[in-house]
Amino acid sequence: QKEVEQNSGPLSVPEGAIASLNCTYSDRVSQSFFWYRQYSGKSPELIMSIYSNGDKEDGRFTAQLNKASQYVSLLIRDSQPSDSATYLCAVSRESSGDKLTFGTGTRLAVRP
Amino acid sequence: GAGVSQTPSNKVTEKGKYVELRCDPISGHTALYWYRQSLGQGPEFLIYFQGTGAADDSGLPNDRFFAVRPEGSVSTLKIQRTERGDSAVYLCASSFRASGSIIEQFFGPGTRLTVL
């Protein structure tokens, strides 16, 4: 079992729709959770971080964390073609020096 | 302000050669991380510095890989006797402690290493 699992996609949504990206993790002591966006040929860009159960909203983005189910998700409201990218889920635990363990990413395609 | 910078942006070398990759973190960030990313994969942790010392080098694949951060700022990742399997994008990140207990890492643009 991989430590961080994501559906590789592609996830295709129409412009203006809600895109829902999901991630599960295996290490119960994971403490912090991150979503990075990565455009083709570019480096990962941090878009959301969360460490408490529940929802965290930032503009069109909402991160949801459920530690009991070991599940973290990212919702993108009013999806735009410019949101088309690979979304990487990453987790860390303080006992491992905050190093990030990444999933393989979900490719999102927003069609106009 | 300036983000994480990495040089060179691209490096092509021949099998068996030695390479150095440089990372300049965001000013004031005390922690620095190296990752590498192969096509279609997420970044994979290599080594983490807190200040000048390597706090965790568990991700270095073998003893051909070494990294230093002598003054607690710029770091150099060194790869000896390069192999074709070392070809990847090498990413550097630096971090600070955001609200609460969360530590956020910010990535540089990466160095694309190609070993022929």
# chains A, B, ... in the order shown; residues from 1 in each chain; ligands from 1
$ interface_residues --of "chain B" --to "chain A" --cutoff "6 Å" --atoms "only C-alpha atoms" --output "number ranges by chain"
B: 41-42, 109
$ select_by_dssp --residues "stretch 8-112 of chain A" --states "helix (DSSP H, G or I)" --output "list in words"
Pro81, Ser82, Asp83, Glu94, Ser95 and Ser96 of chain A
$ write_last_selection --atoms "N, CA, C and O atoms" --output "mmCIF file, in the first residue's frame"
data_model
loop_
_atom_site.group_PDB
_atom_site.id
_atom_site.type_symbol
_atom_site.label_atom_id
_atom_site.label_comp_id
_atom_site.auth_asym_id
_atom_site.auth_seq_id
_atom_site.Cartn_x
_atom_site.Cartn_y
_atom_site.Cartn_z
ATOM 1 N N PRO A 81 -10.435 27.100 -16.847
ATOM 2 C CA PRO A 81 -9.429 26.382 -17.647
ATOM 3 C C PRO A 81 -8.014 26.537 -17.085
ATOM 4 O O PRO A 81 -7.193 25.627 -17.204
ATOM 5 N N SER A 82 -7.736 27.674 -16.450
ATOM 6 C CA SER A 82 -6.412 27.895 -15.862
ATOM 7 C C SER A 82 -6.149 27.001 -14.643
ATOM 8 O O SER A 82 -5.011 26.922 -14.169
ATOM 9 N N ASP A 83 -7.187 26.330 -14.137
ATOM 10 C CA ASP A 83 -7.002 25.372 -13.043
ATOM 11 C C ASP A 83 -6.501 24.026 -13.556
ATOM 12 O O ASP A 83 -6.151 23.147 -12.758
ATOM 13 N N GLU A 94 5.565 15.434 12.272
ATOM 14 C CA GLU A 94 6.649 16.171 12.887
ATOM 15 C C GLU A 94 7.802 15.263 13.274
ATOM 16 O O GLU A 94 8.946 15.653 13.211
ATOM 17 N N SER A 95 7.476 14.019 13.628
ATOM 18 C CA SER A 95 8.535 13.115 14.062
ATOM 19 C C SER A 95 9.475 12.739 12.932
ATOM 20 O O SER A 95 10.542 12.192 13.169
ATOM 21 N N SER A 96 9.100 12.991 11.701
ATOM 22 C CA SER A 96 9.989 12.690 10.574
ATOM 23 C C SER A 96 10.547 13.971 9.979
ATOM 24 O O SER A 96 10.926 14.007 8.822
#
$ residues_around --residues "B:Leu21" --least-positions-apart "3" --cutoff "7 Å" --atoms "only C-alpha atoms" --output "ChimeraX atom specification"
/B:7-8,76-78
$ residues_around --residues "stretch 85-93 of chain B" --least-positions-apart "5" --cutoff "8 Å" --atoms "only C-alpha atoms" --output "list in words"
Ser43 of chain A; Val4, Gln6, Cys23, Pro25, Leu32, Tyr33, Trp34, Tyr35, Arg36, Gln37, Ser38, Leu39, Pro43, Gln105, Phe106, Phe107, Gly108, Pro109, Gly110, Thr111, Arg112, Leu113, Thr114 and Val115 of chain B
$ atom_distance --atom1 "atom CA of B:Val74" --atom2 "atom CA of B:Arg22"
7.2 Å
$ closest_residue --among "A:Asn53, A:Trp35, A:Ile47, A:Arg111" --to "A:Leu21" --atoms "only C-alpha atoms"
A:Trp35
$ residues_around --residues "B:Pro61" --least-positions-apart "2" --cutoff "12 Å" --atoms "only C-alpha atoms" --output "list in words"
Tyr35, Arg36, Glu44, Phe45, Leu46, Ile47, Asp57, Ser58, Gly59, Asp63, Arg64, Phe65, Phe66, Ile79, Gly85 and Asp86 of chain B
